[in-house]
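So this block is coords-v7.cif, mmCIF, C-alpha atoms and all ligand atoms:
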data_start
#
loop_
_atom_site.group_PDB
_atom_site.id
_atom_site.type_symbol
_atom_site.label_atom_id
_atom_site.label_comp_id
_atom_site.auth_asym_id
_atom_site.auth_seq_id
_atom_site.Cartn_x
_atom_site.Cartn_y
_atom_site.Cartn_z
ATOM 1 C CA MET A 1 -216.248 288.712 70.500
ATOM 2 C CA ARG A 2 -217.968 291.464 68.540
ATOM 3 C CA THR A 3 -218.554 294.872 70.139
ATOM 4 C CA VAL A 4 -221.056 297.217 68.515
ATOM 5 C CA GLY A 5 -222.792 300.426 69.498
ATOM 6 C CA ASN A 6 -225.512 300.976 66.947
ATOM 7 C CA ILE A 7 -228.836 299.285 66.618
ATOM 8 C CA GLN A 8 -228.571 298.182 62.983
ATOM 9 C CA ALA A 9 -225.206 296.585 63.653
ATOM 10 C CA VAL A 10 -226.335 294.773 66.786
ATOM 11 C CA ARG A 11 -229.431 293.455 64.988
ATOM 12 C CA ARG A 12 -227.177 292.171 62.190
ATOM 13 C CA GLU A 13 -224.789 290.505 64.655
ATOM 14 C CA ARG A 14 -227.697 289.043 66.612
ATOM 15 C CA ALA A 15 -229.131 287.530 63.432
ATOM 16 C CA SER A 16 -225.853 285.725 62.818
ATOM 17 C CA LEU A 17 -225.992 283.969 66.233
ATOM 18 C CA SER A 18 -227.529 280.537 66.020
ATOM 19 C CA GLY A 19 -229.392 278.555 68.647
ATOM 20 C CA ARG A 20 -230.577 279.850 71.973
ATOM 21 C CA VAL A 21 -229.379 283.331 72.891
ATOM 22 C CA GLY A 22 -229.117 284.797 76.404
ATOM 23 C CA ILE A 23 -228.628 288.450 77.322
ATOM 24 C CA VAL A 24 -227.080 289.949 80.449
ATOM 25 C CA PRO A 25 -228.036 293.641 80.713
ATOM 26 C CA THR A 26 -225.504 295.687 82.726
ATOM 27 C CA MET A 27 -224.344 299.219 83.389
ATOM 28 C CA GLY A 28 -220.688 298.166 83.148
ATOM 29 C CA ALA A 29 -217.926 298.544 85.774
ATOM 30 C CA LEU A 30 -218.138 294.777 85.731
ATOM 31 C CA HIS A 31 -217.336 292.661 88.790
ATOM 32 C CA ASP A 32 -217.563 288.966 89.565
ATOM 33 C CA GLY A 33 -221.302 289.310 90.291
ATOM 34 C CA HIS A 34 -221.895 290.371 86.694
ATOM 35 C CA LEU A 35 -219.580 287.628 85.452
ATOM 36 C CA SER A 36 -221.565 285.026 87.422
ATOM 37 C CA LEU A 37 -224.637 286.028 85.393
ATOM 38 C CA VAL A 38 -222.610 285.676 82.195
ATOM 39 C CA GLU A 39 -221.453 282.200 83.235
ATOM 40 C CA ARG A 40 -224.998 281.119 84.026
ATOM 41 C CA ALA A 41 -226.146 282.490 80.660
ATOM 42 C CA GLN A 42 -223.353 280.609 78.904
ATOM 43 C CA SER A 43 -224.325 277.373 80.629
ATOM 44 C CA GLU A 44 -227.952 277.689 79.446
ATOM 45 C CA ASN A 45 -227.557 279.147 75.947
ATOM 46 C CA ASP A 46 -225.628 278.719 72.696
ATOM 47 C CA ALA A 47 -224.583 282.369 72.591
ATOM 48 C CA VAL A 48 -224.466 285.260 75.060
ATOM 49 C CA ILE A 49 -224.933 288.982 74.537
ATOM 50 C CA VAL A 50 -223.906 291.489 77.223
ATOM 51 C CA SER A 51 -225.153 295.061 77.073
ATOM 52 C CA ILE A 52 -223.206 297.842 78.762
ATOM 53 C CA PHE A 53 -225.273 300.996 79.086
ATOM 54 C CA VAL A 54 -225.386 303.473 81.962
ATOM 55 C CA ASN A 55 -229.065 304.201 81.489
ATOM 56 C CA PRO A 56 -229.706 307.885 82.228
ATOM 57 C CA THR A 57 -233.471 307.480 82.613
ATOM 58 C CA GLN A 58 -233.130 305.310 85.715
ATOM 59 C CA PHE A 59 -231.164 307.989 87.611
ATOM 60 C CA ALA A 60 -232.990 310.853 89.304
ATOM 61 C CA ARG A 61 -231.552 314.337 88.841
ATOM 62 C CA HIS A 62 -229.741 314.364 92.190
ATOM 63 C CA GLU A 63 -228.306 310.839 91.756
ATOM 64 C CA ASP A 64 -224.860 309.678 90.635
ATOM 65 C CA LEU A 65 -225.238 309.407 86.814
ATOM 66 C CA ASP A 66 -222.135 311.489 86.039
ATOM 67 C CA ALA A 67 -220.051 309.896 88.789
ATOM 68 C CA TYR A 68 -221.188 306.329 88.036
ATOM 69 C CA PRO A 69 -218.030 304.207 87.552
ATOM 70 C CA ARG A 70 -217.169 303.510 83.912
ATOM 71 C CA ASP A 71 -214.383 301.290 82.576
ATOM 72 C CA LEU A 72 -215.219 300.129 79.062
ATOM 73 C CA PRO A 73 -211.720 298.815 78.186
ATOM 74 C CA GLY A 74 -211.552 296.831 81.447
ATOM 75 C CA ASP A 75 -215.102 295.506 80.926
ATOM 76 C CA LEU A 76 -214.368 294.366 77.368
ATOM 77 C CA ALA A 77 -211.191 292.587 78.503
ATOM 78 C CA LYS A 78 -213.184 290.667 81.155
ATOM 79 C CA LEU A 79 -215.925 289.717 78.695
ATOM 80 C CA GLU A 80 -213.398 288.657 76.065
ATOM 81 C CA GLN A 81 -211.730 286.442 78.632
ATOM 82 C CA VAL A 82 -214.956 284.655 79.582
ATOM 83 C CA GLY A 83 -215.877 284.272 75.914
ATOM 84 C CA VAL A 84 -218.993 286.398 75.342
ATOM 85 C CA ASN A 85 -220.210 286.458 71.716
ATOM 86 C CA LEU A 86 -221.548 289.985 71.388
ATOM 87 C CA VAL A 87 -221.313 293.184 73.439
ATOM 88 C CA PHE A 88 -223.763 296.030 72.849
ATOM 89 C CA THR A 89 -222.441 299.410 74.020
ATOM 90 C CA PRO A 90 -224.889 302.028 72.750
ATOM 91 C CA PRO A 91 -224.346 305.731 73.398
ATOM 92 C CA PRO A 92 -227.275 307.443 75.187
ATOM 93 C CA ASP A 93 -228.697 309.123 72.069
ATOM 94 C CA THR A 94 -228.833 305.767 70.281
ATOM 95 C CA MET A 95 -231.163 304.447 72.962
ATOM 96 C CA TYR A 96 -233.004 307.758 73.413
ATOM 97 C CA PRO A 97 -232.958 309.714 70.155
ATOM 98 C CA PRO A 98 -234.518 313.160 70.189
ATOM 99 C CA GLY A 99 -238.298 312.915 70.204
ATOM 100 C CA HIS A 100 -238.642 309.623 72.068
ATOM 101 C CA GLN A 101 -241.874 309.652 74.064
ATOM 102 C CA THR A 102 -242.677 306.115 75.134
ATOM 103 C CA VAL A 103 -242.105 304.656 78.578
ATOM 104 C CA ILE A 104 -243.094 301.489 80.406
ATOM 105 C CA ASP A 105 -244.635 301.776 83.829
ATOM 106 C CA VAL A 106 -244.994 298.586 85.825
ATOM 107 C CA THR A 107 -247.395 299.567 88.589
ATOM 108 C CA GLY A 108 -247.857 297.538 91.835
ATOM 109 C CA VAL A 109 -244.516 295.843 92.310
ATOM 110 C CA SER A 110 -242.579 299.031 91.408
ATOM 111 C CA GLN A 111 -244.155 301.074 94.137
ATOM 112 C CA GLY A 112 -242.552 300.292 97.513
ATOM 113 C CA LEU A 113 -238.916 299.994 98.604
ATOM 114 C CA GLU A 114 -236.588 301.347 95.893
ATOM 115 C CA GLY A 115 -239.527 302.644 93.840
ATOM 116 C CA GLU A 116 -240.690 304.781 96.729
ATOM 117 C CA ARG A 117 -237.225 306.237 97.430
ATOM 118 C CA ARG A 118 -236.210 306.542 93.765
ATOM 119 C CA PRO A 119 -239.264 307.887 91.911
ATOM 120 C CA GLY A 120 -239.083 307.077 88.193
ATOM 121 C CA HIS A 121 -236.246 304.590 88.666
ATOM 122 C CA PHE A 122 -238.202 301.499 87.619
ATOM 123 C CA ARG A 123 -239.847 303.320 84.727
ATOM 124 C CA GLY A 124 -236.320 303.882 83.399
ATOM 125 C CA VAL A 125 -235.305 300.285 84.086
ATOM 126 C CA ALA A 126 -238.414 298.711 82.506
ATOM 127 C CA THR A 127 -238.212 300.967 79.455
ATOM 128 C CA VAL A 128 -234.552 300.280 78.741
ATOM 129 C CA VAL A 129 -234.908 296.527 79.304
ATOM 130 C CA ALA A 130 -237.918 296.385 76.960
ATOM 131 C CA LYS A 131 -235.863 298.222 74.334
ATOM 132 C CA LEU A 132 -232.923 295.840 74.828
ATOM 133 C CA PHE A 133 -235.289 292.869 74.409
ATOM 134 C CA ASN A 134 -236.737 294.323 71.206
ATOM 135 C CA ILE A 135 -233.304 295.147 69.820
ATOM 136 C CA THR A 136 -231.529 291.869 70.659
ATOM 137 C CA LEU A 137 -234.440 289.363 70.639
ATOM 138 C CA PRO A 138 -233.026 287.106 73.383
ATOM 139 C CA ASP A 139 -234.512 283.758 74.405
ATOM 140 C CA ALA A 140 -233.494 284.340 78.030
ATOM 141 C CA ALA A 141 -232.332 287.280 80.146
ATOM 142 C CA TYR A 142 -230.270 287.127 83.336
ATOM 143 C CA PHE A 143 -230.673 289.401 86.370
ATOM 144 C CA GLY A 144 -229.258 289.412 89.898
ATOM 145 C CA GLN A 145 -231.187 288.769 93.107
ATOM 146 C CA LYS A 146 -229.051 291.624 94.495
ATOM 147 C CA ASP A 147 -231.615 293.939 92.845
ATOM 148 C CA ALA A 148 -234.629 291.874 93.895
ATOM 149 C CA GLN A 149 -237.264 294.491 93.155
ATOM 150 C CA GLN A 150 -235.770 295.144 89.729
ATOM 151 C CA ALA A 151 -235.982 291.414 88.967
ATOM 152 C CA ALA A 152 -239.620 291.373 90.114
ATOM 153 C CA VAL A 153 -240.428 294.394 87.943
ATOM 154 C CA ILE A 154 -238.818 292.806 84.875
ATOM 155 C CA ARG A 155 -240.620 289.499 85.455
ATOM 156 C CA ARG A 156 -243.924 291.349 85.679
ATOM 157 C CA MET A 157 -243.204 293.391 82.559
ATOM 158 C CA ALA A 158 -242.132 290.344 80.522
ATOM 159 C CA GLU A 159 -245.297 288.514 81.506
ATOM 160 C CA ASP A 160 -247.678 291.458 81.094
ATOM 161 C CA LEU A 161 -246.275 292.508 77.702
ATOM 162 C CA ASN A 162 -245.837 288.933 76.435
ATOM 163 C CA PHE A 163 -242.120 289.113 75.793
ATOM 164 C CA PRO A 164 -241.053 285.603 74.713
ATOM 165 C CA VAL A 165 -238.051 285.809 77.047
ATOM 166 C CA ASP A 166 -237.289 283.558 80.028
ATOM 167 C CA ILE A 167 -236.348 285.756 82.982
ATOM 168 C CA VAL A 168 -233.664 284.082 85.099
ATOM 169 C CA VAL A 169 -232.745 285.484 88.510
ATOM 170 C CA CYS A 170 -229.296 284.505 89.833
ATOM 171 C CA PRO A 171 -227.901 284.505 93.411
ATOM 172 C CA THR A 172 -226.060 287.486 94.878
ATOM 173 C CA LEU A 173 -222.270 287.222 94.802
ATOM 174 C CA ARG A 174 -220.546 288.553 97.918
ATOM 175 C CA GLU A 175 -217.091 289.545 99.035
ATOM 176 C CA PRO A 176 -215.526 287.169 101.594
ATOM 177 C CA ASP A 177 -216.755 289.432 104.437
ATOM 178 C CA GLY A 178 -220.368 289.282 103.196
ATOM 179 C CA LEU A 179 -220.635 292.635 101.426
ATOM 180 C CA ALA A 180 -222.694 292.184 98.251
ATOM 181 C CA MET A 181 -220.594 292.960 95.188
ATOM 182 C CA SER A 182 -221.663 296.210 93.562
ATOM 183 C CA SER A 183 -220.155 298.667 91.108
ATOM 184 C CA ARG A 184 -220.872 301.344 93.729
ATOM 185 C CA ASN A 185 -218.592 299.705 96.343
ATOM 186 C CA VAL A 186 -215.663 301.603 94.774
ATOM 187 C CA TYR A 187 -217.165 304.816 96.214
ATOM 188 C CA LEU A 188 -216.609 303.595 99.798
ATOM 189 C CA ASN A 189 -213.599 304.992 101.639
ATOM 190 C CA PRO A 190 -211.608 302.478 103.731
ATOM 191 C CA ARG A 191 -213.555 303.169 106.935
ATOM 192 C CA GLU A 192 -216.882 302.894 105.145
ATOM 193 C CA ARG A 193 -215.753 299.736 103.362
ATOM 194 C CA ALA A 194 -214.819 298.196 106.718
ATOM 195 C CA ALA A 195 -218.245 299.099 108.137
ATOM 196 C CA ALA A 196 -220.364 298.041 105.126
ATOM 197 C CA PRO A 197 -220.637 294.280 105.876
ATOM 198 C CA VAL A 198 -222.976 295.240 108.745
ATOM 199 C CA VAL A 199 -225.726 295.311 106.103
ATOM 200 C CA TYR A 200 -225.323 291.593 105.462
ATOM 201 C CA HIS A 201 -224.899 290.888 109.183
ATOM 202 C CA ALA A 202 -228.228 292.597 109.875
ATOM 203 C CA LEU A 203 -229.989 290.501 107.225
ATOM 204 C CA LYS A 204 -228.424 287.303 108.586
ATOM 205 C CA ALA A 205 -229.425 288.213 112.153
ATOM 206 C CA ALA A 206 -233.072 288.566 111.089
ATOM 207 C CA GLU A 207 -232.812 285.307 109.160
ATOM 208 C CA ASP A 208 -231.555 283.570 112.325
ATOM 209 C CA VAL A 209 -234.413 284.951 114.399
ATOM 210 C CA PHE A 210 -236.888 283.703 111.778
ATOM 211 C CA ALA A 211 -235.194 280.279 111.654
ATOM 212 C CA ASN A 212 -235.681 280.080 115.426
ATOM 213 C CA GLY A 213 -239.440 280.401 114.982
ATOM 214 C CA GLU A 214 -240.038 284.164 115.271
ATOM 215 C CA HIS A 215 -242.804 285.108 112.836
ATOM 216 C CA SER A 216 -243.444 288.724 113.760
ATOM 217 C CA PRO A 217 -242.360 291.091 110.946
ATOM 218 C CA ALA A 218 -241.898 293.873 113.503
ATOM 219 C CA VAL A 219 -239.442 291.758 115.498
ATOM 220 C CA LEU A 220 -237.425 290.881 112.372
ATOM 221 C CA ARG A 221 -237.373 294.538 111.305
ATOM 222 C CA GLN A 222 -236.187 295.586 114.764
ATOM 223 C CA ARG A 223 -233.498 292.903 114.765
ATOM 224 C CA MET A 224 -232.046 294.373 111.564
ATOM 225 C CA LEU A 225 -232.224 297.895 112.981
ATOM 226 C CA ASP A 226 -230.513 296.807 116.216
ATOM 227 C CA VAL A 227 -227.578 295.288 114.334
ATOM 228 C CA LEU A 228 -227.302 298.348 112.080
ATOM 229 C CA ALA A 229 -227.393 300.650 115.118
ATOM 230 C CA GLY A 230 -224.084 299.100 116.169
ATOM 231 C CA GLU A 231 -222.392 300.725 113.171
ATOM 232 C CA PRO A 232 -222.530 304.529 113.444
ATOM 233 C CA LEU A 233 -221.227 305.070 109.884
ATOM 234 C CA GLY A 234 -224.331 303.437 108.409
ATOM 235 C CA GLU A 235 -227.444 305.582 108.039
ATOM 236 C CA VAL A 236 -230.506 303.398 107.503
ATOM 237 C CA GLU A 237 -232.906 304.445 104.765
ATOM 238 C CA TYR A 238 -235.230 301.487 105.140
ATOM 239 C CA ALA A 239 -235.404 298.068 106.758
ATOM 240 C CA SER A 240 -238.153 296.056 105.131
ATOM 241 C CA VAL A 241 -239.870 292.742 105.779
ATOM 242 C CA ALA A 242 -242.082 292.249 102.737
ATOM 243 C CA ASP A 243 -244.105 289.606 100.929
ATOM 244 C CA ALA A 244 -241.596 288.009 98.550
ATOM 245 C CA VAL A 245 -243.990 288.161 95.585
ATOM 246 C CA THR A 246 -245.952 291.399 95.950
ATOM 247 C CA LEU A 247 -243.188 293.236 97.894
ATOM 248 C CA THR A 248 -245.824 294.796 100.147
ATOM 249 C CA GLU A 249 -244.691 295.379 103.718
ATOM 250 C CA LEU A 250 -245.839 292.673 106.147
ATOM 251 C CA GLU A 251 -247.574 293.611 109.383
ATOM 252 C CA GLN A 252 -249.332 290.357 110.363
ATOM 253 C CA PRO A 253 -247.491 287.211 111.516
ATOM 254 C CA ILE A 254 -245.520 285.761 108.605
ATOM 255 C CA ASN A 255 -247.394 283.158 106.562
ATOM 256 C CA THR A 256 -245.658 283.569 103.220
ATOM 257 C CA ASP A 257 -242.186 283.709 101.686
ATOM 258 C CA VAL A 258 -240.451 286.920 102.707
ATOM 259 C CA LEU A 259 -237.984 289.368 101.223
ATOM 260 C CA LEU A 260 -235.824 291.070 103.851
ATOM 261 C CA SER A 261 -234.281 294.179 102.320
ATOM 262 C CA LEU A 262 -232.145 297.074 103.421
ATOM 263 C CA ALA A 263 -230.976 300.383 102.017
ATOM 264 C CA VAL A 264 -228.187 301.967 104.059
ATOM 265 C CA ARG A 265 -226.035 305.009 103.337
ATOM 266 C CA PHE A 266 -222.339 305.088 104.150
ATOM 267 C CA GLY A 267 -221.304 308.672 103.567
ATOM 268 C CA ARG A 268 -222.475 309.466 100.046
ATOM 269 C CA THR A 269 -222.755 305.824 99.015
ATOM 270 C CA ARG A 270 -226.127 304.148 99.118
ATOM 271 C CA LEU A 271 -225.977 300.355 99.415
ATOM 272 C CA ILE A 272 -228.869 297.917 99.017
ATOM 273 C CA ASP A 273 -229.007 294.242 99.867
ATOM 274 C CA ASN A 274 -231.597 291.573 100.591
ATOM 275 C CA LEU A 275 -232.230 287.977 101.641
ATOM 276 C CA SER A 276 -235.175 285.695 100.915
ATOM 277 C CA LEU A 277 -236.809 283.663 103.676
ATOM 278 C CA HIS A 278 -238.798 280.586 102.805
ATOM 279 C CA PHE A 279 -241.971 280.073 104.823
ATOM 280 C CA SER A 280 -242.616 276.373 105.257
ATOM 281 C CA GLY A 281 -245.777 276.499 107.356
ATOM 282 C CA PRO A 282 -246.613 277.268 110.985
ATOM 283 C CA THR A 283 -244.115 276.083 113.576
HETATM 284 P P1 LIG A 301 -225.831 296.741 87.192
HETATM 285 O O1 LIG A 301 -224.652 296.826 86.258
HETATM 286 O O2 LIG A 301 -225.533 297.170 88.583
HETATM 287 O O3 LIG A 301 -227.084 297.335 86.592
HETATM 288 O O4 LIG A 301 -226.134 295.193 87.332
HETATM 289 C C1 LIG A 301 -226.366 294.382 86.199
HETATM 290 C C2 LIG A 301 -226.949 293.058 86.660
HETATM 291 O O5 LIG A 301 -226.017 292.425 87.530
HETATM 292 C C3 LIG A 301 -228.246 293.239 87.444
HETATM 293 O O6 LIG A 301 -229.157 292.221 87.068
HETATM 294 C C4 LIG A 301 -227.801 293.086 88.868
HETATM 295 O O7 LIG A 301 -228.814 292.611 89.726
HETATM 296 C C5 LIG A 301 -226.693 292.064 88.720
HETATM 297 N N1 LIG A 301 -225.784 292.131 89.861
HETATM 298 C C6 LIG A 301 -225.249 293.245 90.430
HETATM 299 N N2 LIG A 301 -224.527 292.921 91.521
HETATM 300 C C7 LIG A 301 -224.601 291.573 91.647
HETATM 301 C C8 LIG A 301 -224.075 290.631 92.593
HETATM 302 N N3 LIG A 301 -223.311 291.019 93.614
HETATM 303 N N4 LIG A 301 -224.367 289.318 92.413
HETATM 304 C C9 LIG A 301 -225.150 288.925 91.373
HETATM 305 N N5 LIG A 301 -225.683 289.765 90.453
HETATM 306 C C10 LIG A 301 -225.415 291.065 90.588
#

Encoded form (structure tokens):
Amino acid sequence: MRTVGNIQAVRRERASLSGRVGIVPTMGALHDGHLSLVERAQSENDAVIVSIFVNPTQFARHEDLDAYPRDLPGDLAKLEQVGVNLVFTPPPDTMYPPGHQTVIDVTGVSQGLEGERRPGHFRGVATVVAKLFNITLPDAAYFGQKDAQQAAVIRRMAEDLNFPVDIVVCPTLREPDGLAMSSRNVYLNPRERAAAPVVYHALKAAEDVFANGEHSPAVLRQRMLDVLAGEPLGEVEYASVADAVTLTELEQPINTDVLLSLAVRFGRTRLIDNLSLHFSGPT
């Protein structure tokens, strides 16, 4: 496994990889969710690149950039063990040298949900992913359904800007109690950690209601809120029932695939999670 931090070196290493190449972009503090993307990439490609970069432009000023968990030695040990070919670990000024002025704004699908609560977040995400694509020239790139809106934004960008990169979205890995794996879970204190699976329980409760024939978005939304209300440590930021493709909030009876998504704060930790519902016609 080669680990490099500058752009010339990563281009050189990339050029020496033969066959189909997949990339898994990450911010490090790697957990089994990240490693599941690596495994999928390995199963579909001849070589795999992982980038580790805590991208400052996707954090707003009041967010947790400085506190974001970092463990480069631990990350490299995990990647070495699973047999990644190349790891790109650029410092911030390599990705954003003085004078940089260009950003990528994906419009529609960036606007609701996380985009509304984290202004500028998806501009930072789309810009850094476009740069990673241009630097590493992958054939395929792997993202998690855990960050469903991010995956939708990247898909849109890749299509709109004609990146010759297959965008692959992989299932969310969870802890045994249902909590979606996330680098930010380490922020939770023991009481918050014990309470956090309520997020998944709320999503599953709405899924059950839907499976039993309920097609009112308002009822599904309320079902999630009712379950979350049972856990006083969780402060709900949003409970959304949206069109799975456009991510616009649904008001009329459901007649399309749906993304249920939640953002809930436990103390200072903000958790997001989601589930997809498949609409198979009127019942
Ligand atoms: P991050 O390091 O948080 O930016 O995540 C890097 C990639 O891993 C993103 O595409 C995430 O959606 C994905 N990811 C994060 N958590 C999980 C999870 N629990 N299961 C699957 N993929 C995940």

Give me, as a Markdown table, each residue of chain A that comes within 9 Å of ligand LIG 301 (chain A), together with its shortest interatomic pair and the distance in Å at one decimal, counting all atoms listed in the file, with rows ordered by chain and rising residue number.
| residue | atom | partner | partner_atom | distance |
| --- | --- | --- | --- | --- |
| A:Val24 | CA | A:LIG301 | C2 | 6.9 |
| A:Pro25 | CA | A:LIG301 | C1 | 5.8 |
| A:Thr26 | CA | A:LIG301 | O1 | 3.8 |
| A:Met27 | CA | A:LIG301 | O1 | 3.7 |
| A:Gly28 | CA | A:LIG301 | O1 | 5.2 |
| A:Ala29 | CA | A:LIG301 | O1 | 7.0 |
| A:Leu30 | CA | A:LIG301 | O1 | 6.8 |
| A:His31 | CA | A:LIG301 | N2 | 7.7 |
| A:Asp32 | CA | A:LIG301 | N3 | 7.3 |
| A:Gly33 | CA | A:LIG301 | N4 | 3.7 |
| A:His34 | CA | A:LIG301 | O5 | 4.7 |
| A:Leu35 | CA | A:LIG301 | N5 | 8.2 |
| A:Ser36 | CA | A:LIG301 | C9 | 6.6 |
| A:Leu37 | CA | A:LIG301 | N5 | 6.4 |
| A:Ile52 | CA | A:LIG301 | O1 | 7.7 |
| A:Phe53 | CA | A:LIG301 | O1 | 8.3 |
| A:Val54 | CA | A:LIG301 | O3 | 7.9 |
| A:Asn55 | CA | A:LIG301 | O3 | 8.8 |
| A:Tyr142 | CA | A:LIG301 | O6 | 6.4 |
| A:Phe143 | CA | A:LIG301 | O6 | 3.3 |
| A:Gly144 | CA | A:LIG301 | O7 | 3.2 |
| A:Gln145 | CA | A:LIG301 | O7 | 5.6 |
| A:Lys146 | CA | A:LIG301 | O7 | 4.9 |
| A:Asp147 | CA | A:LIG301 | O7 | 4.4 |
| A:Ala148 | CA | A:LIG301 | O7 | 7.2 |
| A:Gln150 | CA | A:LIG301 | O7 | 7.4 |
| A:Ala151 | CA | A:LIG301 | O6 | 7.1 |
| A:Val169 | CA | A:LIG301 | O6 | 7.8 |
| A:Cys170 | CA | A:LIG301 | C9 | 6.3 |
| A:Pro171 | CA | A:LIG301 | C9 | 5.6 |
| A:Thr172 | CA | A:LIG301 | N4 | 3.5 |
| A:Leu173 | CA | A:LIG301 | N4 | 3.8 |
| A:Arg174 | CA | A:LIG301 | N3 | 5.7 |
| A:Glu175 | CA | A:LIG301 | N3 | 8.4 |
| A:Leu179 | CA | A:LIG301 | N3 | 8.4 |
| A:Ala180 | CA | A:LIG301 | N3 | 4.8 |
| A:Met181 | CA | A:LIG301 | N3 | 3.7 |
| A:Ser182 | CA | A:LIG301 | N2 | 4.8 |
| A:Ser183 | CA | A:LIG301 | O2 | 6.1 |
| A:Arg184 | CA | A:LIG301 | O2 | 8.1 |

Quiz item: Skipping near chain neighbours, those fewer than 5 positions away, what residues fall within 12 Å of Ile7 (chain A) using only C-alpha atoms, listed as JSON, numbers by chain?
Solution: {"A": [12, 13, 14, 51, 87, 88, 89, 90, 91, 92, 93, 94, 95, 96, 97, 131, 132, 133, 134, 135, 136]}

Practice problem: List the neighbours of Leu228 (chain A) out to 9 Å using only C-alpha atoms; skip same-chain residues closer than 6 positions along the sequence, and give me the result as a ChimeraX atom specification. | Solution: /A:198-199,201-202,234-236,264

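Minimum distance to Ser261 (chain A) across A:Glu159, A:Asp226, A:Glu207, A:Asp177 (counting all atoms listed in the file) occurs at A:Glu207.
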
Practice problem: Apply the PyMOL selection byres (((chain A and resi 233) around 7) and not hetatm) to the file shown and report the selected residues as a ChimeraX atom specification. | Solution: /A:192,195,231-232,234-235,266

Quiz prompt | Å distance separating CA of Pro138 (chain A) from CA of Val21 (chain A), one decimal place | solution = 5.3 Å

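Between Val103 (chain A) and the candidates A:Ala194, A:Ile167, A:Ala218, A:Val129, the tightest atom-to-atom separation, counting only C-alpha atoms, involves A:Val129.
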
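We find CA of His215 (chain A) and CA of Gln252 (chain A) to be spaced 8.7 Å apart.
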
Practice problem: May I have the residues within 9 Å of Val38 (chain A) as a PyMOL selection string, using all atoms listed in the file and disregarding those fewer than 5 positions away in the same chain? | Solution: chain A and resi 22-24+33+43+48-50+79+82+84+142

Could you save the residues just selected, with C-alpha atoms, as an mmCIF file, in the frame of the given file?
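Output file again_12.cif is given in full below:
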data_model
loop_
_atom_site.group_PDB
_atom_site.id
_atom_site.type_symbol
_atom_site.label_atom_id
_atom_site.label_comp_id
_atom_site.auth_asym_id
_atom_site.auth_seq_id
_atom_site.Cartn_x
_atom_site.Cartn_y
_atom_site.Cartn_z
ATOM 1 C CA GLY A 22 -229.117 284.797 76.404
ATOM 2 C CA ILE A 23 -228.628 288.450 77.322
ATOM 3 C CA VAL A 24 -227.080 289.949 80.449
ATOM 4 C CA GLY A 33 -221.302 289.310 90.291
ATOM 5 C CA SER A 43 -224.325 277.373 80.629
ATOM 6 C CA VAL A 48 -224.466 285.260 75.060
ATOM 7 C CA ILE A 49 -224.933 288.982 74.537
ATOM 8 C CA VAL A 50 -223.906 291.489 77.223
ATOM 9 C CA LEU A 79 -215.925 289.717 78.695
ATOM 10 C CA VAL A 82 -214.956 284.655 79.582
ATOM 11 C CA VAL A 84 -218.993 286.398 75.342
ATOM 12 C CA TYR A 142 -230.270 287.127 83.336
#

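Remark: for Leu271 (chain A), the closest of the candidate residues A:Ala196, A:Ala9, A:Leu250, A:Leu76 is A:Ala196 (distances computed over only C-alpha atoms).
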